[in-house]
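Raw contents of protein27.pdb, PDB, C-alpha atoms and all ligand atoms:
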ATOM      1  CA  MET O  27       0.000   0.000   0.000  1.00  0.00           C
ATOM      2  CA  LYS O  28       1.224   3.469  -0.845  1.00  0.00           C
ATOM      3  CA  SER O  29       1.905   6.040   1.864  1.00  0.00           C
ATOM      4  CA  ARG O  30       0.447   9.472   1.448  1.00  0.00           C
ATOM      5  CA  ILE O  31       2.519  12.611   1.420  1.00  0.00           C
ATOM      6  CA  ILE O  32       1.150  16.142   1.082  1.00  0.00           C
ATOM      7  CA  PHE O  33       2.785  19.147  -0.556  1.00  0.00           C
ATOM      8  CA  SER O  34       1.048  22.510  -0.357  1.00  0.00           C
ATOM      9  CA  ASP O  35       1.733  25.843  -1.970  1.00  0.00           C
ATOM     10  CA  PHE O  36       1.642  28.793   0.474  1.00  0.00           C
ATOM     11  CA  ASP O  37       0.470  32.033  -1.175  1.00  0.00           C
ATOM     12  CA  GLY O  38      -3.218  31.879  -2.043  1.00  0.00           C
ATOM     13  CA  THR O  39      -3.325  28.240  -0.916  1.00  0.00           C
ATOM     14  CA  PHE O  40      -2.269  27.511   2.684  1.00  0.00           C
ATOM     15  CA  SER O  41      -2.527  31.258   3.236  1.00  0.00           C
ATOM     16  CA  GLU O  42      -5.814  32.715   2.022  1.00  0.00           C
ATOM     17  CA  LYS O  43      -4.239  35.623   0.135  1.00  0.00           C
ATOM     18  CA  ASP O  44      -1.138  35.925  -2.018  1.00  0.00           C
ATOM     19  CA  VAL O  45       1.034  37.536   0.651  1.00  0.00           C
ATOM     20  CA  GLY O  46       4.185  37.938  -1.455  1.00  0.00           C
ATOM     21  CA  HIS O  47       2.305  39.642  -4.248  1.00  0.00           C
ATOM     22  CA  ARG O  48       0.650  41.994  -1.792  1.00  0.00           C
ATOM     23  CA  ILE O  49       3.972  42.920  -0.172  1.00  0.00           C
ATOM     24  CA  TYR O  50       5.496  43.796  -3.540  1.00  0.00           C
ATOM     25  CA  THR O  51       2.402  45.657  -4.711  1.00  0.00           C
ATOM     26  CA  HIS O  52       1.863  47.581  -1.477  1.00  0.00           C
ATOM     27  CA  PHE O  53       5.454  48.658  -0.886  1.00  0.00           C
ATOM     28  CA  SER O  54       6.202  49.470  -4.527  1.00  0.00           C
ATOM     29  CA  GLY O  55       2.951  51.410  -5.002  1.00  0.00           C
ATOM     30  CA  GLY O  56       1.998  49.040  -7.824  1.00  0.00           C
ATOM     31  CA  GLU O  57       5.240  49.571  -9.765  1.00  0.00           C
ATOM     32  CA  ASN O  58       5.772  45.796  -9.675  1.00  0.00           C
ATOM     33  CA  LEU O  59       2.654  44.984 -11.675  1.00  0.00           C
ATOM     34  CA  LYS O  60       4.375  45.421 -15.026  1.00  0.00           C
ATOM     35  CA  TYR O  61       6.774  42.612 -14.093  1.00  0.00           C
ATOM     36  CA  VAL O  62       3.949  40.404 -12.833  1.00  0.00           C
ATOM     37  CA  LYS O  63       2.249  40.858 -16.172  1.00  0.00           C
ATOM     38  CA  MET O  64       5.396  39.927 -18.095  1.00  0.00           C
ATOM     39  CA  TRP O  65       5.808  36.886 -15.827  1.00  0.00           C
ATOM     40  CA  GLY O  66       2.203  35.837 -16.441  1.00  0.00           C
ATOM     41  CA  GLN O  67       2.856  35.998 -20.172  1.00  0.00           C
ATOM     42  CA  GLY O  68       5.949  33.813 -19.770  1.00  0.00           C
ATOM     43  CA  LEU O  69       8.279  36.602 -20.911  1.00  0.00           C
ATOM     44  CA  ILE O  70      10.432  36.538 -17.769  1.00  0.00           C
ATOM     45  CA  SER O  71      11.174  33.792 -15.246  1.00  0.00           C
ATOM     46  CA  THR O  72       9.985  33.842 -11.655  1.00  0.00           C
ATOM     47  CA  ARG O  73      13.517  34.519 -10.533  1.00  0.00           C
ATOM     48  CA  GLU O  74      13.797  37.536 -12.778  1.00  0.00           C
ATOM     49  CA  SER O  75      10.378  38.862 -11.854  1.00  0.00           C
ATOM     50  CA  LEU O  76      10.977  38.513  -8.099  1.00  0.00           C
ATOM     51  CA  THR O  77      14.433  40.076  -8.308  1.00  0.00           C
ATOM     52  CA  ARG O  78      13.038  43.068 -10.207  1.00  0.00           C
ATOM     53  CA  GLU O  79      10.051  43.407  -7.895  1.00  0.00           C
ATOM     54  CA  ALA O  80      12.191  43.181  -4.749  1.00  0.00           C
ATOM     55  CA  ALA O  81      14.528  45.864  -6.087  1.00  0.00           C
ATOM     56  CA  LEU O  82      11.598  48.321  -6.137  1.00  0.00           C
ATOM     57  CA  LEU O  83      10.985  48.120  -2.397  1.00  0.00           C
ATOM     58  CA  SER O  84      12.143  50.418   0.311  1.00  0.00           C
ATOM     59  CA  VAL O  85      10.822  48.980   3.536  1.00  0.00           C
ATOM     60  CA  SER O  86      11.894  48.270   7.111  1.00  0.00           C
ATOM     61  CA  GLU O  87      11.518  44.930   8.840  1.00  0.00           C
ATOM     62  CA  ASP O  88       8.974  46.438  11.257  1.00  0.00           C
ATOM     63  CA  GLU O  89       6.852  47.744   8.392  1.00  0.00           C
ATOM     64  CA  ILE O  90       6.818  44.305   6.800  1.00  0.00           C
ATOM     65  CA  TYR O  91       5.777  42.563  10.010  1.00  0.00           C
ATOM     66  CA  GLN O  92       3.065  45.117  10.707  1.00  0.00           C
ATOM     67  CA  PHE O  93       1.725  44.597   7.204  1.00  0.00           C
ATOM     68  CA  LEU O  94       1.746  40.813   7.701  1.00  0.00           C
ATOM     69  CA  ASP O  95      -0.607  40.927  10.670  1.00  0.00           C
ATOM     70  CA  GLN O  96      -3.640  41.234   8.386  1.00  0.00           C
ATOM     71  CA  PHE O  97      -3.111  37.846   6.715  1.00  0.00           C
ATOM     72  CA  LYS O  98      -4.897  34.640   7.644  1.00  0.00           C
ATOM     73  CA  LEU O  99      -4.486  31.002   6.802  1.00  0.00           C
ATOM     74  CA  ARG O 100      -7.129  29.451   4.596  1.00  0.00           C
ATOM     75  CA  ASP O 101      -9.970  27.851   6.572  1.00  0.00           C
ATOM     76  CA  GLY O 102      -9.079  24.309   7.534  1.00  0.00           C
ATOM     77  CA  ALA O 103      -5.343  24.730   6.861  1.00  0.00           C
ATOM     78  CA  SER O 104      -4.369  24.289  10.476  1.00  0.00           C
ATOM     79  CA  GLU O 105      -6.810  21.394  10.927  1.00  0.00           C
ATOM     80  CA  LEU O 106      -5.507  19.633   7.821  1.00  0.00           C
ATOM     81  CA  TYR O 107      -1.930  19.889   9.057  1.00  0.00           C
ATOM     82  CA  THR O 108      -2.914  18.581  12.510  1.00  0.00           C
ATOM     83  CA  PHE O 109      -4.740  15.643  10.931  1.00  0.00           C
ATOM     84  CA  ALA O 110      -1.773  14.835   8.688  1.00  0.00           C
ATOM     85  CA  LYS O 111       0.576  14.926  11.649  1.00  0.00           C
ATOM     86  CA  LYS O 112      -1.659  12.620  13.714  1.00  0.00           C
ATOM     87  CA  SER O 113      -1.938  10.245  10.774  1.00  0.00           C
ATOM     88  CA  ASN O 114       1.825  10.244  10.093  1.00  0.00           C
ATOM     89  CA  ILE O 115       1.320  11.809   6.669  1.00  0.00           C
ATOM     90  CA  PRO O 116       4.368  13.962   5.896  1.00  0.00           C
ATOM     91  CA  PHE O 117       3.362  17.547   5.111  1.00  0.00           C
ATOM     92  CA  TYR O 118       5.514  20.146   3.356  1.00  0.00           C
ATOM     93  CA  ILE O 119       4.982  23.684   2.162  1.00  0.00           C
ATOM     94  CA  LEU O 120       6.601  24.433  -1.206  1.00  0.00           C
ATOM     95  CA  SER O 121       6.642  28.071  -2.146  1.00  0.00           C
ATOM     96  CA  ASP O 122       8.056  30.450  -4.705  1.00  0.00           C
ATOM     97  CA  GLY O 123       7.442  33.248  -2.204  1.00  0.00           C
ATOM     98  CA  SER O 124       9.924  33.951   0.567  1.00  0.00           C
ATOM     99  CA  ASP O 125      10.779  32.786   4.052  1.00  0.00           C
ATOM    100  CA  ILE O 126      10.437  36.186   5.719  1.00  0.00           C
ATOM    101  CA  TYR O 127       6.646  36.073   5.720  1.00  0.00           C
ATOM    102  CA  ILE O 128       6.035  32.310   5.666  1.00  0.00           C
ATOM    103  CA  LYS O 129       7.972  31.889   8.906  1.00  0.00           C
ATOM    104  CA  TYR O 130       6.189  34.849  10.518  1.00  0.00           C
ATOM    105  CA  ILE O 131       2.682  33.704   9.579  1.00  0.00           C
ATOM    106  CA  LEU O 132       3.261  30.058  10.525  1.00  0.00           C
ATOM    107  CA  LYS O 133       4.566  31.217  13.892  1.00  0.00           C
ATOM    108  CA  LYS O 134       1.476  33.363  14.447  1.00  0.00           C
ATOM    109  CA  TYR O 135      -0.565  30.148  14.141  1.00  0.00           C
ATOM    110  CA  GLN O 136       1.899  28.108  16.242  1.00  0.00           C
ATOM    111  CA  LEU O 137       2.685  26.054  13.155  1.00  0.00           C
ATOM    112  CA  GLU O 138       6.368  26.920  12.936  1.00  0.00           C
ATOM    113  CA  GLU O 139       7.251  23.215  12.991  1.00  0.00           C
ATOM    114  CA  ILE O 140       5.926  22.789   9.428  1.00  0.00           C
ATOM    115  CA  LYS O 141       8.754  22.162   6.998  1.00  0.00           C
ATOM    116  CA  TYR O 142       8.892  24.588   4.115  1.00  0.00           C
ATOM    117  CA  TYR O 143      11.061  25.166   1.081  1.00  0.00           C
ATOM    118  CA  THR O 144      11.092  28.648  -0.370  1.00  0.00           C
ATOM    119  CA  ASN O 145      13.280  31.548  -1.463  1.00  0.00           C
ATOM    120  CA  LYS O 146      15.183  33.547   1.095  1.00  0.00           C
ATOM    121  CA  ALA O 147      14.484  37.215   1.799  1.00  0.00           C
ATOM    122  CA  THR O 148      16.385  39.566   4.074  1.00  0.00           C
ATOM    123  CA  ILE O 149      16.033  43.258   4.728  1.00  0.00           C
ATOM    124  CA  GLU O 150      19.187  45.315   4.824  1.00  0.00           C
ATOM    125  CA  ASN O 151      19.075  49.100   5.109  1.00  0.00           C
ATOM    126  CA  ASN O 152      15.453  49.040   3.955  1.00  0.00           C
ATOM    127  CA  ARG O 153      16.336  47.006   0.876  1.00  0.00           C
ATOM    128  CA  TYR O 154      14.439  43.782   0.307  1.00  0.00           C
ATOM    129  CA  ILE O 155      16.969  41.260  -0.902  1.00  0.00           C
ATOM    130  CA  ILE O 156      15.785  37.996  -2.362  1.00  0.00           C
ATOM    131  CA  GLU O 157      17.990  34.954  -2.887  1.00  0.00           C
ATOM    132  CA  PHE O 158      17.360  31.582  -4.456  1.00  0.00           C
ATOM    133  CA  PRO O 159      19.151  28.929  -2.420  1.00  0.00           C
ATOM    134  CA  TYR O 160      17.711  25.923  -4.247  1.00  0.00           C
ATOM    135  CA  ASP O 161      19.129  24.284  -7.307  1.00  0.00           C
ATOM    136  CA  ASN O 162      16.273  23.612  -9.691  1.00  0.00           C
ATOM    137  CA  GLY O 163      17.925  21.110 -12.001  1.00  0.00           C
ATOM    138  CA  ASP O 164      16.615  21.643 -15.519  1.00  0.00           C
ATOM    139  CA  CYS O 165      13.916  24.147 -14.603  1.00  0.00           C
ATOM    140  CA  THR O 166      14.540  27.709 -15.704  1.00  0.00           C
ATOM    141  CA  ARG O 167      11.039  28.904 -14.918  1.00  0.00           C
ATOM    142  CA  CYS O 168      10.969  28.853 -11.102  1.00  0.00           C
ATOM    143  CA  GLY O 169      12.805  30.445  -8.213  1.00  0.00           C
ATOM    144  CA  CYS O 170      12.151  27.459  -5.956  1.00  0.00           C
ATOM    145  CA  CYS O 171      10.926  24.728  -8.304  1.00  0.00           C
ATOM    146  CA  LYS O 172       8.178  22.621  -6.731  1.00  0.00           C
ATOM    147  CA  GLY O 173       8.724  19.732  -9.112  1.00  0.00           C
ATOM    148  CA  ALA O 174      12.434  19.583  -8.264  1.00  0.00           C
ATOM    149  CA  ARG O 175      11.663  19.790  -4.518  1.00  0.00           C
ATOM    150  CA  ILE O 176       9.102  16.963  -4.654  1.00  0.00           C
ATOM    151  CA  ASN O 177      11.490  14.706  -6.557  1.00  0.00           C
ATOM    152  CA  GLU O 178      14.260  15.501  -4.100  1.00  0.00           C
ATOM    153  CA  ILE O 179      12.091  14.831  -1.028  1.00  0.00           C
ATOM    154  CA  ILE O 180      10.561  11.559  -2.197  1.00  0.00           C
ATOM    155  CA  GLY O 181      13.848  10.282  -3.638  1.00  0.00           C
ATOM    156  CA  GLU O 182      14.118   6.943  -5.408  1.00  0.00           C
ATOM    157  CA  ASN O 183      10.971   5.211  -4.224  1.00  0.00           C
ATOM    158  CA  LYS O 184       8.422   7.294  -6.080  1.00  0.00           C
ATOM    159  CA  ASN O 185       6.087   4.321  -6.433  1.00  0.00           C
ATOM    160  CA  SER O 186       5.750   3.846  -2.700  1.00  0.00           C
ATOM    161  CA  TRP O 187       4.105   7.264  -2.326  1.00  0.00           C
ATOM    162  CA  GLU O 188       0.729   8.700  -3.168  1.00  0.00           C
ATOM    163  CA  ILE O 189       1.686  12.316  -3.769  1.00  0.00           C
ATOM    164  CA  ILE O 190      -0.967  14.920  -3.024  1.00  0.00           C
ATOM    165  CA  PHE O 191      -0.378  18.461  -4.229  1.00  0.00           C
ATOM    166  CA  ILE O 192      -2.452  21.531  -3.303  1.00  0.00           C
ATOM    167  CA  GLY O 193      -2.081  24.793  -5.187  1.00  0.00           C
ATOM    168  CA  ASP O 194      -3.702  27.797  -6.786  1.00  0.00           C
ATOM    169  CA  GLY O 195      -1.368  29.407  -9.292  1.00  0.00           C
ATOM    170  CA  LEU O 196       1.036  29.299 -12.191  1.00  0.00           C
ATOM    171  CA  SER O 197       4.040  28.838  -9.902  1.00  0.00           C
ATOM    172  CA  ASP O 198       2.622  25.376  -9.147  1.00  0.00           C
ATOM    173  CA  ILE O 199       2.853  24.043 -12.690  1.00  0.00           C
ATOM    174  CA  CYS O 200       6.154  22.181 -12.236  1.00  0.00           C
ATOM    175  CA  ALA O 201       4.626  20.157  -9.371  1.00  0.00           C
ATOM    176  CA  LEU O 202       1.847  18.697 -11.520  1.00  0.00           C
ATOM    177  CA  ASP O 203       3.925  16.010 -13.219  1.00  0.00           C
ATOM    178  CA  SER O 204       4.994  14.532  -9.909  1.00  0.00           C
ATOM    179  CA  ALA O 205       1.582  14.607  -8.235  1.00  0.00           C
ATOM    180  CA  ASP O 206      -0.854  11.675  -8.112  1.00  0.00           C
ATOM    181  CA  ILE O 207      -3.719  13.761  -6.741  1.00  0.00           C
ATOM    182  CA  ILE O 208      -4.023  17.462  -7.517  1.00  0.00           C
ATOM    183  CA  PHE O 209      -6.200  19.881  -5.574  1.00  0.00           C
ATOM    184  CA  ALA O 210      -6.479  23.144  -7.472  1.00  0.00           C
ATOM    185  CA  ARG O 211      -8.256  26.460  -7.442  1.00  0.00           C
ATOM    186  CA  GLY O 212      -7.782  29.776  -9.243  1.00  0.00           C
ATOM    187  CA  ASP O 213      -5.288  29.998 -12.107  1.00  0.00           C
ATOM    188  CA  LEU O 214      -3.999  26.497 -11.445  1.00  0.00           C
ATOM    189  CA  LEU O 215      -7.467  25.003 -11.866  1.00  0.00           C
ATOM    190  CA  GLU O 216      -7.895  26.898 -15.133  1.00  0.00           C
ATOM    191  CA  TYR O 217      -4.487  25.705 -16.299  1.00  0.00           C
ATOM    192  CA  CYS O 218      -5.350  22.079 -15.459  1.00  0.00           C
ATOM    193  CA  HIS O 219      -8.634  22.366 -17.368  1.00  0.00           C
ATOM    194  CA  SER O 220      -6.869  23.865 -20.386  1.00  0.00           C
ATOM    195  CA  LYS O 221      -4.333  21.000 -20.458  1.00  0.00           C
ATOM    196  CA  ASN O 222      -6.799  18.234 -19.621  1.00  0.00           C
ATOM    197  CA  ILE O 223      -5.018  17.495 -16.359  1.00  0.00           C
ATOM    198  CA  LYS O 224      -7.271  15.886 -13.779  1.00  0.00           C
ATOM    199  CA  ALA O 225      -7.626  18.114 -10.716  1.00  0.00           C
ATOM    200  CA  CYS O 226     -10.065  18.309  -7.804  1.00  0.00           C
ATOM    201  CA  GLU O 227     -11.411  21.765  -7.113  1.00  0.00           C
ATOM    202  CA  TYR O 228     -11.327  22.947  -3.500  1.00  0.00           C
ATOM    203  CA  THR O 229     -12.620  26.011  -1.709  1.00  0.00           C
ATOM    204  CA  ASP O 230     -10.978  25.582   1.647  1.00  0.00           C
ATOM    205  CA  PHE O 231      -8.808  22.975   3.355  1.00  0.00           C
ATOM    206  CA  PHE O 232     -11.812  21.332   5.009  1.00  0.00           C
ATOM    207  CA  ASP O 233     -12.682  20.018   1.517  1.00  0.00           C
ATOM    208  CA  ILE O 234      -9.288  18.330   1.364  1.00  0.00           C
ATOM    209  CA  LEU O 235      -9.513  17.123   4.950  1.00  0.00           C
ATOM    210  CA  ASN O 236     -12.857  15.483   4.185  1.00  0.00           C
ATOM    211  CA  TRP O 237     -11.371  13.797   1.156  1.00  0.00           C
ATOM    212  CA  LEU O 238      -8.425  12.502   3.223  1.00  0.00           C
ATOM    213  CA  LYS O 239     -10.765  11.111   5.852  1.00  0.00           C
ATOM    214  CA  THR O 240     -13.173   9.473   3.444  1.00  0.00           C
ATOM    215  CA  SER O 241     -10.695   8.001   0.974  1.00  0.00           C
ATOM    216  CA  GLU O 242      -8.475   6.082   3.415  1.00  0.00           C
TER     217      GLU O 242
HETATM  218 MG    MG H 301      -0.020  30.311  -4.847  1.00  0.00          MG
HETATM  219 ZN    ZN H 302      10.055  24.694 -12.019  1.00  0.00          ZN
END

What would the structure in this file look like if it were written as structure tokens?
Amino acid sequence: MKSRIIFSDFDGTFSEKDVGHRIYTHFSGGENLKYVKMWGQGLISTRESLTREAALLSVSEDEIYQFLDQFKLRDGASELYTFAKKSNIPFYILSDGSDIYIKYILKKYQLEEIKYYTNKATIENNRYIIEFPYDNGDCTRCGCCKGARINEIIGENKNSWEIIFIGDGLSDICALDSADIIFARGDLLEYCHSKNIKACEYTDFFDILNWLKTSE
């Protein structure tokens, strides 16, 4: 029998809103949107878009943290993680956002033990500096490639796992090939429909929790 393992995107998935996007938009006064548009059209990579967006910001650490206090996890996110933990289902967050806000928000919900892989952001003299510590193999699209991370984490024995992926956006595309079960909403759901990729639509994480409980 296969063991389940869950990988979840953060922005717009585990977290209700796209926190990274809102940081860049808020603190650049919308100057970043031209890069987001180019990224959406596939003209620039995530790495290039994030580097350009980050370079627009002038912000202190305190201002960032104050801004972060408005954000909430998606309904059921905490409950799903707790259920996975109790059931010995490994749970990882994979994100093309950055650690500065993921760490802060998880801590606010006492979920700082959740393992996450993402890009690294630091603030130095009000500059928002983003780095990409992960090697993405062949992928030139992503900053922190979710497909590469999944393959790395599950290692050789792919067939012993039932891989569940939860996402909402175009930064999740590289994960789709590795996933056995896809939960999608937003742009990711549209993408799956357009490519005839089977995906289950979800509204909140209680939908996924119900599925986990009823499909054991
Ligand atoms: Mg997302
Ligand atoms: Zn990728």

* **Distance criterion (only C-alpha atoms and all ligand atoms): nearest to ligand ZN 302 (chain H) out of O:Ile32, O:Ala225, O:Cys165, O:Cys218** => O:Cys165

* To do: Please indicate the distance in Å from CA of Gly68 in chain O to CA of Ile199 in chain O, rounded to one decimal place.
  => 12.5 Å

* Asked: Distance CA of Ala80 in chain O-CA of Glu139 in chain O, one decimal place?
  -> 27.2 Å

* Picked residues, the PyMOL selection byres (((chain O and resi 134) around 12) and not hetatm), expected as a count of residues only -> 20

* Find the spatial neighbours of Val62 in chain O, counting only C-alpha atoms, within a cut-off of 12 Å - ignore same-chain residues fewer than 2 positions away - and output them as an MDAnalysis selection string. => chainID O and resid 46:48 50:51 56:60 64:80 196:197

Counting all atoms listed in the file, which residues in chain O sit no more than 12 Å from ligand MG 301 (chain H)? For each one, give the nearest pair of atoms and the distance in Å, sorted by chain then residue number, as a tab-separated table.
residue	atom	partner	partner_atom	distance
O:Ser34	CA	H:MG301	MG	9.1
O:Asp35	CA	H:MG301	MG	5.6
O:Phe36	CA	H:MG301	MG	5.8
O:Asp37	CA	H:MG301	MG	4.1
O:Gly38	CA	H:MG301	MG	4.5
O:Thr39	CA	H:MG301	MG	5.5
O:Phe40	CA	H:MG301	MG	8.3
O:Ser41	CA	H:MG301	MG	8.5
O:Glu42	CA	H:MG301	MG	9.3
O:Lys43	CA	H:MG301	MG	8.4
O:Asp44	CA	H:MG301	MG	6.4
O:Val45	CA	H:MG301	MG	9.1
O:Gly46	CA	H:MG301	MG	9.3
O:His47	CA	H:MG301	MG	9.6
O:Arg100	CA	H:MG301	MG	11.9
O:Ile119	CA	H:MG301	MG	10.9
O:Leu120	CA	H:MG301	MG	9.6
O:Ser121	CA	H:MG301	MG	7.5
O:Asp122	CA	H:MG301	MG	8.1
O:Gly123	CA	H:MG301	MG	8.4
O:Ser124	CA	H:MG301	MG	11.9
O:Lys172	CA	H:MG301	MG	11.4
O:Phe191	CA	H:MG301	MG	11.9
O:Ile192	CA	H:MG301	MG	9.2
O:Gly193	CA	H:MG301	MG	5.9
O:Asp194	CA	H:MG301	MG	4.9
O:Gly195	CA	H:MG301	MG	4.7
O:Leu196	CA	H:MG301	MG	7.5
O:Ser197	CA	H:MG301	MG	6.6
O:Asp198	CA	H:MG301	MG	7.1
O:Ile199	CA	H:MG301	MG	10.4
O:Ala210	CA	H:MG301	MG	10.0
O:Arg211	CA	H:MG301	MG	9.5
O:Gly212	CA	H:MG301	MG	8.9
O:Asp213	CA	H:MG301	MG	9.0
O:Leu214	CA	H:MG301	MG	8.6
O:Leu215	CA	H:MG301	MG	11.5

Residues at most 9 Å from ligand ZN 302 (chain H), using only C-alpha atoms and all ligand atoms? Could they come as a PDB file with C-alpha atoms, keeping the file's coordinate frame?
ATOM      1  CA  ASN O 162      16.273  23.612  -9.691  1.00  0.00           C
ATOM      2  CA  GLY O 163      17.925  21.110 -12.001  1.00  0.00           C
ATOM      3  CA  ASP O 164      16.615  21.643 -15.519  1.00  0.00           C
ATOM      4  CA  CYS O 165      13.916  24.147 -14.603  1.00  0.00           C
ATOM      5  CA  THR O 166      14.540  27.709 -15.704  1.00  0.00           C
ATOM      6  CA  ARG O 167      11.039  28.904 -14.918  1.00  0.00           C
ATOM      7  CA  CYS O 168      10.969  28.853 -11.102  1.00  0.00           C
ATOM      8  CA  GLY O 169      12.805  30.445  -8.213  1.00  0.00           C
ATOM      9  CA  CYS O 170      12.151  27.459  -5.956  1.00  0.00           C
ATOM     10  CA  CYS O 171      10.926  24.728  -8.304  1.00  0.00           C
ATOM     11  CA  LYS O 172       8.178  22.621  -6.731  1.00  0.00           C
ATOM     12  CA  GLY O 173       8.724  19.732  -9.112  1.00  0.00           C
ATOM     13  CA  ALA O 174      12.434  19.583  -8.264  1.00  0.00           C
ATOM     14  CA  SER O 197       4.040  28.838  -9.902  1.00  0.00           C
ATOM     15  CA  ASP O 198       2.622  25.376  -9.147  1.00  0.00           C
ATOM     16  CA  ILE O 199       2.853  24.043 -12.690  1.00  0.00           C
ATOM     17  CA  CYS O 200       6.154  22.181 -12.236  1.00  0.00           C
ATOM     18  CA  ALA O 201       4.626  20.157  -9.371  1.00  0.00           C
TER      19      ALA O 201
END

Mind giving me the axis-aligned box for range 224-231 of chain O with 8 Å on every side, centre plus edges in Å to one decimal, as lines of an AutoDock Vina configuration file?
center_x = -9.9
center_y = 20.9
center_z = -5.2
size_x = 21.3
size_y = 26.1
size_z = 33.1

* **the PyMOL selection byres (((chain O and resi 186) around 12) and not hetatm) applied to the shown file, residues as a PyMOL selection string** => chain O and resi 27-31+180-185+187-189+206
